[in-house]
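Here the structure comes first, spelled out in structure tokens, and everything after it is commentary.
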Amino acid sequence: MRIGIDAHVLGKGIGGVERYVAKLVQLLPQAAPEHEYVVFTGSAAAGMLQPAGNVRIVVPVASDPLVQRSVLLPWLSRRHRLDVLQVQRISPPLPGCKVVLTVHDLLPLTCPADHRGFRNMLIRLLTPASIRGAHRVITVSLTMAAQITRLYGLAPGRVAAVYNGVDHDLFKPGSIGADASALSRFNIGKPFILYVGAMEPRKNLALLLEAFKTVHDALDGSVVLVMAGMTRSADYAADLAARAQNLGIAGAVHSTGFVTDAQCVELLHAARIFVAPSRGEGFDLPPLEAMACGVPVVCSDIDVHRELFDGAAAFFATDSAQSLAAALRQVWDSADMRSALQQQGFATAQNFTWENTACNLANLYRSIAADLKP
């Protein structure tokens, strides 16, 4: 088959989806070399990609995602005679070309209060038709596959759960003790709890601040909270800063902004605990990367966290700051518990590799090729 891959997110530094697409473009042509691949990406990322014998890189003339989806991808799919086009979340109508749709989560639809603005409104409007019209839907966990199947009435065979992976060459245990480069780079002077991810309401960061206040006071101010990630809303960032100020912990909360993968690893090697407090996820890669680095993880008790991390993390009741504070204190105070979580988490993380992801996607495309045989 000739397979198109929509890779417009590459080069934008926007987190887990970009990581997924980067690994897809890199590894799928190797895992399924019998196909041809046409990768559609922006000019900023085109130089980072290496064309191969079965891979062609195409830069669309317009970078706006709406123009790409509504006009350019239908035209490009015909021009390059694609059999299949894999896209993220929203699909244009593509006569004569099958769509493989990757849906990482349904949060703009299931939690609209946390996903406002024009872009999320379009996602809510267009996602149902995109899912129902796709030849196959790929999602990133069994939790999401069950939700998509239930909400949209799809036959189970049309939805495939393919787990994300961890780059184990990068995310791996460091030397024992704090990473001095991270402490110096981010001006962190005390042992710390680490959060990595986007700064947005569904990540439950207001509750994290409330719980951290309890831990901070109980430990006589000997702990800090480091929050690393992109701020999606200036208003939300200001609200978090005001909450920290009102709680009297502003000086103990360090917000680093966006960090590179290398900087993220530095922080993980220096952290005493990693916390993943989100109210909703399709997968949640950062706690898995923390486990791969040997960091004990405390996470919210949501379905996907239980699916991925049961037995390898300490869980707390998602809407209870008291429960989160208790879990953080328990892990903070107990060297035995930290050691057990490190060992269990590291073993769990080894089960998730991008090579496995690519292999599973290759098998999916082989089944699609069988579908398309006359």
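Naming scheme: A, B, ... for chains in displayed order of the structure tokens; residues 1 onward per chain; ligands 1 onward as shown.
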- Query: Please, which residues of segment 112-216 of chain A, numbered as in this document, come out helix (DSSP H, G or I) from DSSP, as a PyMOL selection string?
  - Reply: chain A and resi 112-114+118-133+142-152+156-158+180-185+201-203+205-216
- Step one, run DSSP on the backbone; step two, keep only residues of segment 13-58 of chain A assigned to strand (DSSP E or B); then write them as a ChimeraX atom specification. /A:36-40,52,55-58
Give me, as a tab-separated table, the closest atom pair and its distance (Å, one decimal) for every residue of segment 149-265 of chain A within a cut-off of 12 Å of segment 14-19 of chain A, counting only C-alpha atoms, rows sorted by chain and rising number.
```
residue	atom	partner	partner_atom	distance
A:Asn164	CA	A:Gly16	CA	9.2
A:Gly165	CA	A:Arg19	CA	9.5
A:Val166	CA	A:Arg19	CA	9.8
A:Asp167	CA	A:Arg19	CA	9.8
A:Val196	CA	A:Gly15	CA	10.4
A:Gly197	CA	A:Gly15	CA	8.0
A:Ala198	CA	A:Gly15	CA	8.0
A:Met199	CA	A:Gly15	CA	11.7
A:Ala228	CA	A:Gly15	CA	11.9
A:Gly229	CA	A:Gly15	CA	8.9
A:Met230	CA	A:Ile14	CA	7.8
A:Thr231	CA	A:Ile14	CA	10.4
A:Arg232	CA	A:Ile14	CA	9.9
A:Phe258	CA	A:Ile14	CA	9.1
A:Val259	CA	A:Gly15	CA	10.1
A:Thr260	CA	A:Gly15	CA	9.9
A:Asp261	CA	A:Gly15	CA	9.9
A:Cys264	CA	A:Gly15	CA	12.0
```
Kindly export the residues of the current selection with N, CA and C atoms, as a PDB file, in the first residue's frame.
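Saved file result-v8.pdb follows:
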```
ATOM      1  N   ASN A 164       1.394   3.580  23.701  1.00  0.00           N
ATOM      2  CA  ASN A 164       2.580   4.383  23.463  1.00  0.00           C
ATOM      3  C   ASN A 164       3.795   3.686  24.076  1.00  0.00           C
ATOM      4  N   GLY A 165       4.969   4.235  23.803  1.00  0.00           N
ATOM      5  CA  GLY A 165       6.199   3.644  24.317  1.00  0.00           C
ATOM      6  C   GLY A 165       7.046   4.652  25.065  1.00  0.00           C
ATOM      7  N   VAL A 166       8.154   4.174  25.557  1.00  0.00           N
ATOM      8  CA  VAL A 166       9.146   4.991  26.253  1.00  0.00           C
ATOM      9  C   VAL A 166      10.466   4.887  25.498  1.00  0.00           C
ATOM     10  N   ASP A 167      11.144   6.011  25.357  1.00  0.00           N
ATOM     11  CA  ASP A 167      12.481   6.022  24.773  1.00  0.00           C
ATOM     12  C   ASP A 167      13.467   5.641  25.881  1.00  0.00           C
ATOM     13  N   VAL A 196       5.312  16.944  35.664  1.00  0.00           N
ATOM     14  CA  VAL A 196       5.653  17.281  34.275  1.00  0.00           C
ATOM     15  C   VAL A 196       4.404  17.110  33.427  1.00  0.00           C
ATOM     16  N   GLY A 197       4.054  18.137  32.681  1.00  0.00           N
ATOM     17  CA  GLY A 197       2.893  18.065  31.802  1.00  0.00           C
ATOM     18  C   GLY A 197       2.378  19.458  31.499  1.00  0.00           C
ATOM     19  N   ALA A 198       1.336  19.506  30.694  1.00  0.00           N
ATOM     20  CA  ALA A 198       0.744  20.798  30.333  1.00  0.00           C
ATOM     21  C   ALA A 198       0.116  21.448  31.554  1.00  0.00           C
ATOM     22  N   MET A 199       0.108  22.780  31.552  1.00  0.00           N
ATOM     23  CA  MET A 199      -0.551  23.538  32.612  1.00  0.00           C
ATOM     24  C   MET A 199      -1.966  23.856  32.143  1.00  0.00           C
ATOM     25  N   ALA A 228       6.790  21.464  35.707  1.00  0.00           N
ATOM     26  CA  ALA A 228       7.475  21.665  34.425  1.00  0.00           C
ATOM     27  C   ALA A 228       6.519  21.368  33.289  1.00  0.00           C
ATOM     28  N   GLY A 229       6.339  22.323  32.399  1.00  0.00           N
ATOM     29  CA  GLY A 229       5.490  22.089  31.243  1.00  0.00           C
ATOM     30  C   GLY A 229       4.990  23.371  30.629  1.00  0.00           C
ATOM     31  N   MET A 230       4.423  23.230  29.455  1.00  0.00           N
ATOM     32  CA  MET A 230       3.931  24.370  28.686  1.00  0.00           C
ATOM     33  C   MET A 230       2.649  24.919  29.294  1.00  0.00           C
ATOM     34  N   THR A 231       2.544  26.231  29.362  1.00  0.00           N
ATOM     35  CA  THR A 231       1.326  26.893  29.809  1.00  0.00           C
ATOM     36  C   THR A 231       0.436  27.163  28.605  1.00  0.00           C
ATOM     37  N   ARG A 232      -0.754  26.585  28.613  1.00  0.00           N
ATOM     38  CA  ARG A 232      -1.665  26.743  27.484  1.00  0.00           C
ATOM     39  C   ARG A 232      -2.564  27.963  27.635  1.00  0.00           C
ATOM     40  N   PHE A 258       8.169  25.262  29.631  1.00  0.00           N
ATOM     41  CA  PHE A 258       8.464  24.103  28.781  1.00  0.00           C
ATOM     42  C   PHE A 258       9.900  23.639  28.988  1.00  0.00           C
ATOM     43  N   VAL A 259      10.106  22.324  29.080  1.00  0.00           N
ATOM     44  CA  VAL A 259      11.455  21.761  29.199  1.00  0.00           C
ATOM     45  C   VAL A 259      11.696  20.787  28.055  1.00  0.00           C
ATOM     46  N   THR A 260      12.923  20.715  27.619  1.00  0.00           N
ATOM     47  CA  THR A 260      13.310  19.735  26.608  1.00  0.00           C
ATOM     48  C   THR A 260      13.322  18.343  27.234  1.00  0.00           C
ATOM     49  N   ASP A 261      13.427  17.319  26.399  1.00  0.00           N
ATOM     50  CA  ASP A 261      13.517  15.959  26.922  1.00  0.00           C
ATOM     51  C   ASP A 261      14.736  15.800  27.825  1.00  0.00           C
ATOM     52  N   CYS A 264      14.090  17.409  31.056  1.00  0.00           N
ATOM     53  CA  CYS A 264      13.122  16.602  31.794  1.00  0.00           C
ATOM     54  C   CYS A 264      13.828  15.453  32.503  1.00  0.00           C
TER      55      CYS A 264
END
```
Write out as CSV a residue-level contact list of segment 28-95 of chain A versus segment 354-365 of chain A with cut-off 10 Å: for each qualifying residue the closest pair of atoms and the distance in Å to one decimal, counting only C-alpha atoms, rows sorted by chain and residue number upward.
```
residue,atom,partner,partner_atom,distance
A:Leu28,CA,A:Ala358,CA,5.1
A:Pro29,CA,A:Ala362,CA,8.4
A:Gln30,CA,A:Ala358,CA,8.5
A:Ala31,CA,A:Cys359,CA,5.7
A:Ala32,CA,A:Ala362,CA,5.2
A:Pro33,CA,A:Ala362,CA,9.0
A:Glu34,CA,A:Ala362,CA,9.9
A:His35,CA,A:Tyr365,CA,9.1
A:Val84,CA,A:Tyr365,CA,9.2
```
Selection file, N, CA and C atoms, as a CSV table (one decimal), in the first residue's frame:
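Here's the written file result-v5.csv:
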```csv
chain,number,residue,atom,x,y,z
A,28,LEU,N,7.7,3.1,11.9
A,28,LEU,CA,6.7,2.3,11.1
A,28,LEU,C,7.3,1.9,9.7
A,29,PRO,N,8.0,2.8,9.0
A,29,PRO,CA,8.5,2.3,7.7
A,29,PRO,C,9.5,1.1,7.8
A,30,GLN,N,10.2,1.1,9.0
A,30,GLN,CA,11.1,0.0,9.3
A,30,GLN,C,10.4,-1.3,9.7
A,31,ALA,N,9.3,-1.1,10.4
A,31,ALA,CA,8.5,-2.3,10.9
A,31,ALA,C,7.7,-2.9,9.8
A,32,ALA,N,7.2,-2.1,8.8
A,32,ALA,CA,6.4,-2.6,7.7
A,32,ALA,C,7.0,-2.1,6.4
A,33,PRO,N,8.2,-2.6,6.0
A,33,PRO,CA,8.9,-2.0,4.9
A,33,PRO,C,8.3,-2.4,3.5
A,34,GLU,N,7.3,-3.2,3.5
A,34,GLU,CA,6.6,-3.6,2.3
A,34,GLU,C,5.7,-2.5,1.7
A,35,HIS,N,5.4,-1.5,2.5
A,35,HIS,CA,4.6,-0.3,2.1
A,35,HIS,C,5.4,0.9,1.7
A,84,VAL,N,-4.2,4.7,2.0
A,84,VAL,CA,-4.5,5.0,3.4
A,84,VAL,C,-3.9,6.3,3.8
```
- Item | Contacts of Cys111 of chain A at 10 Å (only C-alpha atoms; same-chain gap of 3+ positions) as a PyMOL selection string | chain A and resi 106-108+114-116+202+279-280
Would you kindly return, as a PDB file with N, CA and C atoms, in the first residue's frame, each protein, DNA or RNA residue with an atom no farther than 6 Å from any atom of segment 151-161 of chain A, considering only C-alpha atoms and excluding same-chain residues fewer than 5 positions away?
```
ATOM      1  N   ARG A 136     -10.375   2.469  10.204  1.00  0.00           N
ATOM      2  CA  ARG A 136      -9.935   1.959  11.502  1.00  0.00           C
ATOM      3  C   ARG A 136      -9.662   3.147  12.424  1.00  0.00           C
ATOM      4  N   VAL A 137      -9.893   2.946  13.703  1.00  0.00           N
ATOM      5  CA  VAL A 137      -9.555   3.939  14.724  1.00  0.00           C
ATOM      6  C   VAL A 137      -8.478   3.333  15.607  1.00  0.00           C
ATOM      7  N   ILE A 138      -7.374   4.061  15.744  1.00  0.00           N
ATOM      8  CA  ILE A 138      -6.304   3.662  16.663  1.00  0.00           C
ATOM      9  C   ILE A 138      -6.407   4.537  17.899  1.00  0.00           C
ATOM     10  N   THR A 139      -6.357   3.929  19.063  1.00  0.00           N
ATOM     11  CA  THR A 139      -6.265   4.699  20.282  1.00  0.00           C
ATOM     12  C   THR A 139      -5.171   4.109  21.157  1.00  0.00           C
ATOM     13  N   VAL A 140      -4.912   4.737  22.300  1.00  0.00           N
ATOM     14  CA  VAL A 140      -3.655   4.475  23.007  1.00  0.00           C
ATOM     15  C   VAL A 140      -3.818   3.659  24.283  1.00  0.00           C
ATOM     16  N   SER A 141      -5.029   3.201  24.586  1.00  0.00           N
ATOM     17  CA  SER A 141      -5.238   2.365  25.761  1.00  0.00           C
ATOM     18  C   SER A 141      -6.535   1.585  25.592  1.00  0.00           C
ATOM     19  N   LEU A 142      -6.657   0.511  26.344  1.00  0.00           N
ATOM     20  CA  LEU A 142      -7.902  -0.264  26.332  1.00  0.00           C
ATOM     21  C   LEU A 142      -9.049   0.555  26.909  1.00  0.00           C
ATOM     22  N   ALA A 145     -10.240   2.647  24.059  1.00  0.00           N
ATOM     23  CA  ALA A 145     -10.894   1.814  23.038  1.00  0.00           C
ATOM     24  C   ALA A 145     -12.311   1.468  23.466  1.00  0.00           C
TER      25      ALA A 145
END
```
- Query: Any idea what's packed within 9 Å of segment 3-8 of chain A, counting only C-alpha atoms, ignoring anything in its chain fewer than 2 positions away? Could you give it as a ChimeraX atom specification?
  - Reply: /A:1,10-12,18,21-22,24-25,35-42,45,59,63,65,68,73,77,80,82-88
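Relative to atom CA of Gly311 of chain A, atom CA of Phe352 of chain A is found at 15.6 Å.
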Test item: residues at most 10 Å from His305 of chain A, only C-alpha atoms, excluding those fewer than 2 positions along its chain, as a PDB file with N, CA and C atoms, in the first residue's frame:
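Heads up, here's the output in selection-v5.pdb:
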```pdb
ATOM      1  N   THR A 143      -8.736   1.415  27.873  1.00  0.00           N
ATOM      2  CA  THR A 143      -9.756   2.300  28.443  1.00  0.00           C
ATOM      3  C   THR A 143     -10.375   3.169  27.366  1.00  0.00           C
ATOM      4  N   ALA A 276       1.351  12.606  39.317  1.00  0.00           N
ATOM      5  CA  ALA A 276       0.505  12.691  38.120  1.00  0.00           C
ATOM      6  C   ALA A 276      -0.948  12.817  38.587  1.00  0.00           C
ATOM      7  N   SER A 278      -3.777  14.095  37.239  1.00  0.00           N
ATOM      8  CA  SER A 278      -4.785  14.422  36.234  1.00  0.00           C
ATOM      9  C   SER A 278      -6.146  13.793  36.519  1.00  0.00           C
ATOM     10  N   GLY A 280      -8.184  13.254  33.897  1.00  0.00           N
ATOM     11  CA  GLY A 280      -8.538  12.502  32.702  1.00  0.00           C
ATOM     12  C   GLY A 280      -7.385  12.430  31.727  1.00  0.00           C
ATOM     13  N   GLU A 281      -7.119  11.235  31.197  1.00  0.00           N
ATOM     14  CA  GLU A 281      -6.049  11.014  30.229  1.00  0.00           C
ATOM     15  C   GLU A 281      -6.465   9.909  29.273  1.00  0.00           C
ATOM     16  N   GLY A 282      -5.879   9.941  28.062  1.00  0.00           N
ATOM     17  CA  GLY A 282      -6.013   8.813  27.164  1.00  0.00           C
ATOM     18  C   GLY A 282      -4.933   7.787  27.418  1.00  0.00           C
ATOM     19  N   PHE A 283      -3.737   8.265  27.828  1.00  0.00           N
ATOM     20  CA  PHE A 283      -2.620   7.369  28.136  1.00  0.00           C
ATOM     21  C   PHE A 283      -1.848   7.881  29.352  1.00  0.00           C
ATOM     22  N   ASP A 284      -1.166   8.981  29.251  1.00  0.00           N
ATOM     23  CA  ASP A 284      -0.334   9.630  30.275  1.00  0.00           C
ATOM     24  C   ASP A 284       1.072   9.074  30.266  1.00  0.00           C
ATOM     25  N   PRO A 287       4.300   9.950  33.650  1.00  0.00           N
ATOM     26  CA  PRO A 287       4.590   9.060  34.789  1.00  0.00           C
ATOM     27  C   PRO A 287       5.301   7.777  34.368  1.00  0.00           C
ATOM     28  N   CYS A 299      -0.104   8.823  41.665  1.00  0.00           N
ATOM     29  CA  CYS A 299      -0.998   9.251  40.591  1.00  0.00           C
ATOM     30  C   CYS A 299      -2.463   9.124  40.983  1.00  0.00           C
ATOM     31  N   SER A 300      -3.283   9.870  40.257  1.00  0.00           N
ATOM     32  CA  SER A 300      -4.725   9.881  40.479  1.00  0.00           C
ATOM     33  C   SER A 300      -5.321   8.535  40.129  1.00  0.00           C
ATOM     34  N   ASP A 301      -6.397   8.195  40.836  1.00  0.00           N
ATOM     35  CA  ASP A 301      -7.043   6.900  40.640  1.00  0.00           C
ATOM     36  C   ASP A 301      -8.105   7.030  39.551  1.00  0.00           C
ATOM     37  N   ILE A 302      -7.636   7.089  38.300  1.00  0.00           N
ATOM     38  CA  ILE A 302      -8.530   7.112  37.146  1.00  0.00           C
ATOM     39  C   ILE A 302      -8.329   5.821  36.361  1.00  0.00           C
ATOM     40  N   ASP A 303      -9.291   5.503  35.504  1.00  0.00           N
ATOM     41  CA  ASP A 303      -9.288   4.190  34.849  1.00  0.00           C
ATOM     42  C   ASP A 303      -7.999   3.898  34.102  1.00  0.00           C
ATOM     43  N   GLU A 307      -5.213   0.952  34.582  1.00  0.00           N
ATOM     44  CA  GLU A 307      -4.877   0.022  33.505  1.00  0.00           C
ATOM     45  C   GLU A 307      -3.371  -0.087  33.311  1.00  0.00           C
ATOM     46  N   LEU A 308      -2.691   1.056  33.331  1.00  0.00           N
ATOM     47  CA  LEU A 308      -1.274   1.084  32.989  1.00  0.00           C
ATOM     48  C   LEU A 308      -0.360   0.847  34.186  1.00  0.00           C
ATOM     49  N   PHE A 309      -0.746   1.358  35.373  1.00  0.00           N
ATOM     50  CA  PHE A 309       0.208   1.465  36.480  1.00  0.00           C
ATOM     51  C   PHE A 309      -0.198   0.696  37.731  1.00  0.00           C
ATOM     52  N   ASP A 310      -1.270  -0.089  37.680  1.00  0.00           N
ATOM     53  CA  ASP A 310      -1.712  -0.786  38.880  1.00  0.00           C
ATOM     54  C   ASP A 310      -0.582  -1.667  39.419  1.00  0.00           C
ATOM     55  N   ALA A 313       2.413   2.131  41.230  1.00  0.00           N
ATOM     56  CA  ALA A 313       2.298   3.514  41.676  1.00  0.00           C
ATOM     57  C   ALA A 313       1.451   3.561  42.934  1.00  0.00           C
ATOM     58  N   PHE A 315      -1.718   5.378  44.563  1.00  0.00           N
ATOM     59  CA  PHE A 315      -2.892   6.060  44.029  1.00  0.00           C
ATOM     60  C   PHE A 315      -3.563   6.915  45.100  1.00  0.00           C
TER      61      PHE A 315
END
```
- Among the residues A:Gln245, A:Ala113, A:Met121, A:Thr256, the one that comes closest to Asn187 of chain A [using only C-alpha atoms]: A:Thr256
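Residues in contact with Ile131 of chain A at 9 Å, where only C-alpha atoms are counted and same-chain residues fewer than 3 positions away are skipped, are listed as Arg89, Ile90, Ser91, Leu101, Val103, Leu126, Thr127, Pro128, Ala134, His135, Arg136, Val137, Ile148, Tyr152 and Leu154 of chain A.
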